[in-house]
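Q: Quick one: this structure, given as structure tokens, is what I'll be asking you about.
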Amino acid sequence: MSTAQKHIAFDVENIRQDFPILNRKVNGKPLIYFDNAATSQTPQQVIDVIVDYYTNYNANIHRGVHSLSQEATDAYEQARIKIQKHFNAKHTHEIIYTSGTTHGINLVANGFSSLLKKGDEIIVSALEHHSNIVPWQMLCERTGANLKVIPMNENGELILSEFDSLLNENTKLVFVNHISNALGTINPIEEIIAKAHNVGAAILIDGAQSCPHIKPDVQALDVDFYVCSAHKMCGPTGVGILYGKEDWLKKLPPYQGGGEMIAEVSFEKTTYADLPHKFEAGTPNICGGIAFGAAIDYMNSIGFENIAAYENELLDYATEQLQHIEGLKIYGTAKEKTSVISFNVGTIHPYDIGTILDKMGIAVRTGHHCAQPIMDFYKIPGTIRASFMFYNTKEEIDTFIASLKKAILMLS
Amino acid sequence: MTIEEVQNEIIDEFSMFEDWEERYQYMIDLGKTLPLIDEKYKTEDNIIKGCQSKVWVHADMEGDKINFTADSDAIITKGIIAILIRAFSNQHPKNIIEANTDFIDKIGLKEHLSPTRANGLVSMIKQIKLYAIAYQTQLN
């Protein structure tokens with residue numbers, strides 16, 4: 001498909017109409033939202049589903065005999081099926097609702113506490129978010145297992161030959177993000193999963209940053225666990241999923257005790273519910289789950305291929321423009337990367353640029369992006385990170401570049 | 001001058017600015033005039049927590065008045081500290097403890113007072129007041 005045809009297929013102005021927040025002003029200027037890697041914006045189609053839930057059928061789910069409860073249960077479970085189909089999981093009960101990616105990681109880490117012993121090894125990557133480092137450190141403290149790290153090169157790519165040398169018969173778990181939140185690197189997870197399985201290790205992929213841009217097929221990937229959050233993919237905050245292969249989910253003990261996750265309870269013994277309820281103690285984020293389903297419908301209506309093609313155009317366009325700014329250095333120049341650009345300008349502190357850009361209505365993120373090991377690698381306190389979604393435009397990038405130049409002038 | 005008089009002077013200066021750009025340009029310029037902390041006090045212990053940029057504040061007693069010095073790795077943060085130090089330096093600890101900080105709001109920097117803001121203005125004010133309390137205790 002030629003570039004011109006792509007533009008016709010992808011009507012960004014029309015898409016922007018779906019996002020009411022994009023019409024607002026910030027500090028008197030039209031909002032330019034480039035903090036999408038932190039959270040994405042919500043289309044009207046998803047907002048309507050949330051309003052409809054609380055307006056028409058808010059009720060606690062499962063076990064309720066009344067109609068409202070039945071309606072809410074149906075909608076919540078239908079959303080689970082949508083999610084299952086989206087990720088191409090084999091079974092619906094392999095989709096566990098969570099409060100988000102961090103919850104999913106902690107659920108798995110906690111479950112492995114009883115499966116690991118002293119001397120076992122866990123491998124994470126140098127590109128991880130703190131949420132994919134700390135739970136494993138805690139797991140190692142509890143079990144006596146050792147944590148190993150796959151190093152990265154100057155471009156922000158994992159060095160796979162080093163990964164090979166870390167793998168051995170003691171490796172029990174491997175955890176890698178699909179896409180780095182700080183640098184945008186897309187990791188070769190197919191290869192990483194295959195290598196982990198070669199030594200019999202289980203593998204968890206953190207899909208928080210990939211799910212807004214890529215449609216993963218968990219069966220084709222043959223991944224053991226995959227986690228993500230709804231709020232990065234046009235859904236609400238406070239909800240996400242853990243996909244786990246049935247066999248693994250059966251092996252892991254429950255994470256939290258409470259209602260919903262039990263089959264029978266007496267003071268002598270409790271038997272646990274079947275999947276997925278074994279991991280879903282307490283009243284869940286019912287509206288969030290239903291809205292997550294709506295968000296997935298919305299993104300699929302645009303099409304992930306269209307999304308990826310358009311976002312790549314935005315990435316190339318912005319990268320090209322940024323490279324012309326004197327003293328600007330981009331961190332994370334992997335061959336395979338998504339629409340995230342982390343950068344610094346000379347010795348100007350990222351916080352200063354972020355503050356001035358905010359005055360001009362532009363939302364970017366500044367700081368270490370919860371990935372301090374990456375900042376330590378580059379010996380910097382943090383970066384400015386601009387991250388794009390399919391509802392952003394080249395015109396917004398032009399304004400961003402002009403505003404950035406103005407900020408640099410003020411701060412120099 | 002009393003703290004209140006200095007604060008009014010700062011409010012007057014900021015009232016001359018027409019827009020955010022002039023205000024921020026002035027803050028950036030003020031940042032360059034900040035009385036810098038002695039390198040030996042730029043320790044991990046002296047870093048104010050809650051700031052995205054690094055901020056160090058130190059206080060010395062001269063007679064019965066406190067002098068503040070500081071530094072930051074971000075220039076806007078330096079400007080904010082410069083304003084604070086101008087208001088509170090060379091003052092008696094008791095007056096610093098009792099002083100209010102409404103002037104921050106009046107010069108259009110209210111947004112920096114939000115606890116969610118990563119510059120830690122609130123933490124800086126707290127630190128300045130803690131120094132004052134500590135020196136006041138010594139005077140007693």
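Ordering of the structure tokens sets the chain letters (A, B, ...), residue numbers begin anew at 1 in every chain, and ligands are numbered from 1 in the order given.
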Contacts from chain A to chain B, 12 Å maximum, only C-alpha atoms: show me the residue list as a PyMOL selection string.

A: chain A and resi 27-28+347-360+365-369+380-383+403+406-412

Q: Deliver the residues from the most recent selection as a file, using C-alpha atoms, as a short mmCIF file (atom, residue, chain, number, x, y, z; two decimals), in the first residue's frame.

A:
```cif
data_model
loop_
_atom_site.label_atom_id
_atom_site.label_comp_id
_atom_site.auth_asym_id
_atom_site.auth_seq_id
_atom_site.Cartn_x
_atom_site.Cartn_y
_atom_site.Cartn_z
CA ASN A 27 -2.86 26.69 29.95
CA GLY A 28 -4.84 28.45 27.23
CA THR A 347 22.80 19.77 29.68
CA ILE A 348 19.27 21.12 30.13
CA HIS A 349 17.40 19.22 32.83
CA PRO A 350 14.41 17.23 31.47
CA TYR A 351 12.22 18.74 34.19
CA ASP A 352 12.86 22.27 32.89
CA ILE A 353 11.86 21.39 29.33
CA GLY A 354 8.80 19.46 30.53
CA THR A 355 7.66 22.44 32.63
CA ILE A 356 7.97 24.93 29.76
CA LEU A 357 6.27 22.55 27.29
CA ASP A 358 3.37 22.19 29.74
CA LYS A 359 2.92 25.96 29.73
CA MET A 360 2.46 25.63 25.97
CA ARG A 365 6.75 12.80 30.56
CA THR A 366 10.04 13.66 32.23
CA GLY A 367 12.13 11.70 34.69
CA HIS A 368 13.44 8.18 34.96
CA HIS A 369 10.18 6.55 33.71
CA ILE A 380 21.66 10.47 33.02
CA PRO A 381 19.09 11.52 35.67
CA GLY A 382 16.23 11.06 33.25
CA THR A 383 14.89 11.95 29.83
CA SER A 403 7.61 24.74 21.22
CA LYS A 406 11.36 27.94 22.13
CA ALA A 407 11.86 26.12 25.46
CA ILE A 408 15.52 25.47 24.60
CA LEU A 409 15.99 29.15 23.76
CA MET A 410 14.45 30.22 27.09
CA LEU A 411 16.52 27.74 29.07
CA SER A 412 19.89 28.27 27.40
#
```

Q: I'd like the neighbourhood of region 224-240 of chain A as a PyMOL selection string, where a residue qualifies if any of its atoms comes within 7 Å (using only C-alpha atoms), though same-chain residues fewer than 5 positions away should be ignored.

A: chain A and resi 37+39-43+46+97-101+104+202-208+211-212+245+285+288-289+291-292+295

Q: May I have the residues from that selection written out with N, CA and C atoms, as a PDB file, in the first residue's frame?

A:
```
ATOM      1  N   ALA A  37       2.398   6.741  26.473  1.00  0.00           N
ATOM      2  CA  ALA A  37       3.010   5.537  27.037  1.00  0.00           C
ATOM      3  C   ALA A  37       2.690   5.428  28.525  1.00  0.00           C
ATOM      4  N   THR A  39      -0.422   6.759  29.897  1.00  0.00           N
ATOM      5  CA  THR A  39      -1.809   6.312  29.782  1.00  0.00           C
ATOM      6  C   THR A  39      -2.382   6.882  28.499  1.00  0.00           C
ATOM      7  N   SER A  40      -3.258   6.116  27.870  1.00  0.00           N
ATOM      8  CA  SER A  40      -3.868   6.586  26.623  1.00  0.00           C
ATOM      9  C   SER A  40      -5.159   7.312  26.942  1.00  0.00           C
ATOM     10  N   GLN A  41      -5.689   8.041  25.979  1.00  0.00           N
ATOM     11  CA  GLN A  41      -6.962   8.724  26.177  1.00  0.00           C
ATOM     12  C   GLN A  41      -8.123   7.788  25.849  1.00  0.00           C
ATOM     13  N   THR A  42      -9.325   8.206  26.273  1.00  0.00           N
ATOM     14  CA  THR A  42     -10.489   7.328  26.214  1.00  0.00           C
ATOM     15  C   THR A  42     -11.490   7.825  25.173  1.00  0.00           C
ATOM     16  N   PRO A  43     -11.847   6.983  24.214  1.00  0.00           N
ATOM     17  CA  PRO A  43     -12.822   7.422  23.214  1.00  0.00           C
ATOM     18  C   PRO A  43     -14.247   7.444  23.779  1.00  0.00           C
ATOM     19  N   VAL A  46     -16.046   4.202  24.596  1.00  0.00           N
ATOM     20  CA  VAL A  46     -15.742   3.540  25.876  1.00  0.00           C
ATOM     21  C   VAL A  46     -16.390   4.315  27.026  1.00  0.00           C
ATOM     22  N   TYR A  97      -8.824 -11.522  35.133  1.00  0.00           N
ATOM     23  CA  TYR A  97      -8.904 -10.063  35.309  1.00  0.00           C
ATOM     24  C   TYR A  97      -7.995  -9.651  36.471  1.00  0.00           C
ATOM     25  N   THR A  98      -7.269  -8.556  36.270  1.00  0.00           N
ATOM     26  CA  THR A  98      -6.410  -8.015  37.329  1.00  0.00           C
ATOM     27  C   THR A  98      -6.695  -6.516  37.450  1.00  0.00           C
ATOM     28  N   SER A  99      -5.993  -5.863  38.366  1.00  0.00           N
ATOM     29  CA  SER A  99      -6.135  -4.403  38.448  1.00  0.00           C
ATOM     30  C   SER A  99      -5.183  -3.721  37.472  1.00  0.00           C
ATOM     31  N   GLY A 100      -4.360  -4.496  36.795  1.00  0.00           N
ATOM     32  CA  GLY A 100      -3.421  -3.929  35.831  1.00  0.00           C
ATOM     33  C   GLY A 100      -2.173  -4.786  35.736  1.00  0.00           C
ATOM     34  N   THR A 101      -1.230  -4.347  34.941  1.00  0.00           N
ATOM     35  CA  THR A 101      -0.018  -5.117  34.674  1.00  0.00           C
ATOM     36  C   THR A 101       0.732  -5.486  35.955  1.00  0.00           C
ATOM     37  N   GLY A 104      -0.809  -8.286  37.795  1.00  0.00           N
ATOM     38  CA  GLY A 104      -0.580  -9.560  37.106  1.00  0.00           C
ATOM     39  C   GLY A 104       0.804 -10.118  37.395  1.00  0.00           C
ATOM     40  N   ALA A 202       9.864 -21.209  32.554  1.00  0.00           N
ATOM     41  CA  ALA A 202       8.604 -20.533  32.216  1.00  0.00           C
ATOM     42  C   ALA A 202       8.928 -19.092  31.841  1.00  0.00           C
ATOM     43  N   ILE A 203       8.067 -18.488  31.015  1.00  0.00           N
ATOM     44  CA  ILE A 203       8.340 -17.110  30.620  1.00  0.00           C
ATOM     45  C   ILE A 203       7.096 -16.239  30.714  1.00  0.00           C
ATOM     46  N   LEU A 204       7.305 -15.055  31.295  1.00  0.00           N
ATOM     47  CA  LEU A 204       6.247 -14.049  31.391  1.00  0.00           C
ATOM     48  C   LEU A 204       6.642 -12.859  30.535  1.00  0.00           C
ATOM     49  N   ILE A 205       5.739 -12.414  29.683  1.00  0.00           N
ATOM     50  CA  ILE A 205       5.977 -11.212  28.880  1.00  0.00           C
ATOM     51  C   ILE A 205       5.098 -10.085  29.412  1.00  0.00           C
ATOM     52  N   ASP A 206       5.732  -8.941  29.691  1.00  0.00           N
ATOM     53  CA  ASP A 206       5.018  -7.741  30.125  1.00  0.00           C
ATOM     54  C   ASP A 206       4.603  -6.986  28.864  1.00  0.00           C
ATOM     55  N   GLY A 207       3.302  -7.012  28.604  1.00  0.00           N
ATOM     56  CA  GLY A 207       2.796  -6.417  27.368  1.00  0.00           C
ATOM     57  C   GLY A 207       2.201  -5.024  27.554  1.00  0.00           C
ATOM     58  N   ALA A 208       2.491  -4.387  28.702  1.00  0.00           N
ATOM     59  CA  ALA A 208       1.873  -3.081  28.991  1.00  0.00           C
ATOM     60  C   ALA A 208       2.068  -2.098  27.847  1.00  0.00           C
ATOM     61  N   CYS A 211       0.617  -3.831  23.883  1.00  0.00           N
ATOM     62  CA  CYS A 211      -0.794  -4.043  23.541  1.00  0.00           C
ATOM     63  C   CYS A 211      -1.473  -2.853  22.853  1.00  0.00           C
ATOM     64  N   PRO A 212      -1.056  -1.600  23.129  1.00  0.00           N
ATOM     65  CA  PRO A 212      -1.678  -0.498  22.383  1.00  0.00           C
ATOM     66  C   PRO A 212      -1.248  -0.452  20.918  1.00  0.00           C
ATOM     67  N   LYS A 245      -1.175 -19.893  30.559  1.00  0.00           N
ATOM     68  CA  LYS A 245      -1.552 -21.202  30.019  1.00  0.00           C
ATOM     69  C   LYS A 245      -2.266 -21.984  31.125  1.00  0.00           C
ATOM     70  N   ASN A 285     -13.384  -5.145  39.415  1.00  0.00           N
ATOM     71  CA  ASN A 285     -13.695  -3.890  38.735  1.00  0.00           C
ATOM     72  C   ASN A 285     -14.624  -4.246  37.567  1.00  0.00           C
ATOM     73  N   GLY A 288     -14.965  -1.731  34.811  1.00  0.00           N
ATOM     74  CA  GLY A 288     -13.660  -1.666  34.136  1.00  0.00           C
ATOM     75  C   GLY A 288     -13.476  -2.816  33.165  1.00  0.00           C
ATOM     76  N   GLY A 289     -13.865  -4.011  33.578  1.00  0.00           N
ATOM     77  CA  GLY A 289     -13.744  -5.179  32.711  1.00  0.00           C
ATOM     78  C   GLY A 289     -14.599  -5.028  31.461  1.00  0.00           C
ATOM     79  N   ALA A 291     -15.693  -2.222  30.185  1.00  0.00           N
ATOM     80  CA  ALA A 291     -15.148  -1.124  29.367  1.00  0.00           C
ATOM     81  C   ALA A 291     -13.866  -1.551  28.649  1.00  0.00           C
ATOM     82  N   PHE A 292     -13.101  -2.455  29.260  1.00  0.00           N
ATOM     83  CA  PHE A 292     -11.899  -2.990  28.609  1.00  0.00           C
ATOM     84  C   PHE A 292     -12.308  -3.701  27.313  1.00  0.00           C
ATOM     85  N   ALA A 295     -13.030  -1.158  24.770  1.00  0.00           N
ATOM     86  CA  ALA A 295     -11.794  -0.531  24.265  1.00  0.00           C
ATOM     87  C   ALA A 295     -11.152  -1.430  23.204  1.00  0.00           C
TER      88      ALA A 295
END
```

Q: Determine, counting only C-alpha atoms, which protein, DNA and RNA residues have an atom within 7 Å of an atom of Pro93 (chain B); residues of the same chain fewer than 3 positions away are not included. Present the result as a ChimeraX atom specification.

A: /B:65-66,96-97,132-133,135-136

Q: For the contact check between region 73-118 of chain B and region 56-60 of chain B, emit one row per residue of region 73-118 of chain B within 12 Å, containing the shortest atom pair and the distance in Å rounded to one decimal, counting only C-alpha atoms, chain then rising number order, as a Markdown table.

A:
```
| residue | atom | partner | partner_atom | distance |
| --- | --- | --- | --- | --- |
| B:Asp73 | CA | B:Trp56 | CA | 9.5 |
| B:Ala74 | CA | B:Trp56 | CA | 11.5 |
| B:Thr77 | CA | B:Trp56 | CA | 10.8 |
| B:Lys78 | CA | B:Trp56 | CA | 10.0 |
| B:Ile81 | CA | B:Val57 | CA | 8.8 |
| B:Ala82 | CA | B:Val57 | CA | 10.9 |
| B:Leu84 | CA | B:Val57 | CA | 11.0 |
| B:Ile85 | CA | B:Val57 | CA | 9.6 |
| B:Phe88 | CA | B:Ala59 | CA | 10.7 |
| B:Ser89 | CA | B:Ala59 | CA | 8.9 |
| B:Asn90 | CA | B:Asp60 | CA | 9.7 |
| B:Gln91 | CA | B:Asp60 | CA | 11.3 |
| B:His92 | CA | B:Asp60 | CA | 11.7 |
| B:Pro93 | CA | B:Ala59 | CA | 10.8 |
```

Q: Identify all residues of region 335-386 of chain A in strand (DSSP E or B) (DSSP on the backbone) and supply them as a list in words.

A: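 Taking region 335-386 of chain A and keeping strand (DSSP E or B) only, one gets Lys337, Val340, Ile341, Ser342, Phe343, Asn344, Val345, Ile362, Ala363, Arg365, Thr366, Gly367, Thr383, Ile384, Arg385 and Ala386 of chain A.
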
Q: Take the residues just selected and output them with N, CA and C atoms as a compact mmCIF listing (two decimals), in the first residue's frame.

A:
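Here's the written file out.txt:
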```txt
# COMPACT_ATOMS: atom_id res chain seq x y z
N LYS A 337 11.49 -0.40 16.94
CA LYS A 337 10.96 0.34 18.08
C LYS A 337 9.58 0.89 17.78
N VAL A 340 7.76 5.79 20.63
CA VAL A 340 8.24 6.41 21.87
C VAL A 340 9.60 7.03 21.58
N ILE A 341 9.77 8.31 21.93
CA ILE A 341 11.09 8.93 21.75
C ILE A 341 11.54 9.53 23.08
N SER A 342 12.65 9.00 23.58
CA SER A 342 13.25 9.49 24.82
C SER A 342 14.45 10.34 24.42
N PHE A 343 14.55 11.55 24.95
CA PHE A 343 15.68 12.38 24.54
C PHE A 343 16.06 13.41 25.61
N ASN A 344 17.24 13.99 25.44
CA ASN A 344 17.69 15.12 26.24
C ASN A 344 18.30 16.15 25.31
N VAL A 345 18.35 17.40 25.77
CA VAL A 345 18.97 18.45 24.97
C VAL A 345 20.13 19.04 25.76
N ILE A 362 1.57 21.26 26.02
CA ILE A 362 2.08 19.97 25.54
C ILE A 362 2.41 19.06 26.71
N ALA A 363 1.79 17.88 26.70
CA ALA A 363 2.01 16.92 27.78
C ALA A 363 3.05 15.89 27.35
N ARG A 365 6.33 13.29 29.26
CA ARG A 365 6.75 12.80 30.56
C ARG A 365 8.23 13.10 30.74
N THR A 366 8.61 13.46 31.95
CA THR A 366 10.04 13.66 32.23
C THR A 366 10.41 12.85 33.46
N GLY A 367 11.67 12.45 33.52
CA GLY A 367 12.13 11.70 34.69
C GLY A 367 12.75 10.39 34.28
N THR A 383 15.04 11.46 31.20
CA THR A 383 14.89 11.95 29.83
C THR A 383 13.53 12.65 29.71
N ILE A 384 13.34 13.29 28.56
CA ILE A 384 12.02 13.77 28.16
C ILE A 384 11.49 12.67 27.26
N ARG A 385 10.25 12.24 27.49
CA ARG A 385 9.73 11.18 26.65
C ARG A 385 8.44 11.64 25.96
N ALA A 386 8.47 11.63 24.64
CA ALA A 386 7.25 11.91 23.87
C ALA A 386 6.78 10.59 23.30
```

Q: Just the residues within 9 Å of Leu147 (chain A), please, counting only C-alpha atoms, with nothing from its chain fewer than 6 positions along; format it as number ranges by chain.

A: A: 120-124, 136-137, 140

Q: Restricting it to N, CA and C atoms, dump the selection as a PDB file, in the first residue's frame.

A:
```pdb
ATOM      1  N   ASP A 120      17.777 -21.751  42.487  1.00  0.00           N
ATOM      2  CA  ASP A 120      17.083 -21.550  41.203  1.00  0.00           C
ATOM      3  C   ASP A 120      17.410 -20.158  40.674  1.00  0.00           C
ATOM      4  N   GLU A 121      17.241 -19.991  39.375  1.00  0.00           N
ATOM      5  CA  GLU A 121      17.587 -18.694  38.786  1.00  0.00           C
ATOM      6  C   GLU A 121      16.422 -18.080  38.029  1.00  0.00           C
ATOM      7  N   ILE A 122      16.320 -16.746  38.166  1.00  0.00           N
ATOM      8  CA  ILE A 122      15.293 -15.966  37.474  1.00  0.00           C
ATOM      9  C   ILE A 122      16.030 -14.966  36.596  1.00  0.00           C
ATOM     10  N   ILE A 123      15.605 -14.822  35.370  1.00  0.00           N
ATOM     11  CA  ILE A 123      16.266 -13.862  34.481  1.00  0.00           C
ATOM     12  C   ILE A 123      15.291 -12.746  34.113  1.00  0.00           C
ATOM     13  N   VAL A 124      15.730 -11.496  34.285  1.00  0.00           N
ATOM     14  CA  VAL A 124      14.965 -10.345  33.801  1.00  0.00           C
ATOM     15  C   VAL A 124      15.854  -9.592  32.810  1.00  0.00           C
ATOM     16  N   TRP A 136      10.313  -9.516  41.451  1.00  0.00           N
ATOM     17  CA  TRP A 136      11.230 -10.666  41.332  1.00  0.00           C
ATOM     18  C   TRP A 136      12.322 -10.610  42.392  1.00  0.00           C
ATOM     19  N   GLN A 137      12.746  -9.388  42.731  1.00  0.00           N
ATOM     20  CA  GLN A 137      13.716  -9.267  43.824  1.00  0.00           C
ATOM     21  C   GLN A 137      13.087  -9.781  45.118  1.00  0.00           C
ATOM     22  N   CYS A 140      12.976 -13.483  45.020  1.00  0.00           N
ATOM     23  CA  CYS A 140      14.298 -14.060  45.290  1.00  0.00           C
ATOM     24  C   CYS A 140      14.599 -14.029  46.783  1.00  0.00           C
TER      25      CYS A 140
END
```

Q: Give the helix (DSSP H, G or I) residues of region 150-300 of chain A, as DSSP finds them on the backbone, and put them as a PyMOL selection string.

A: chain A and resi 160-166+189-198+218-221+230-232+246-251+277-279+286-300
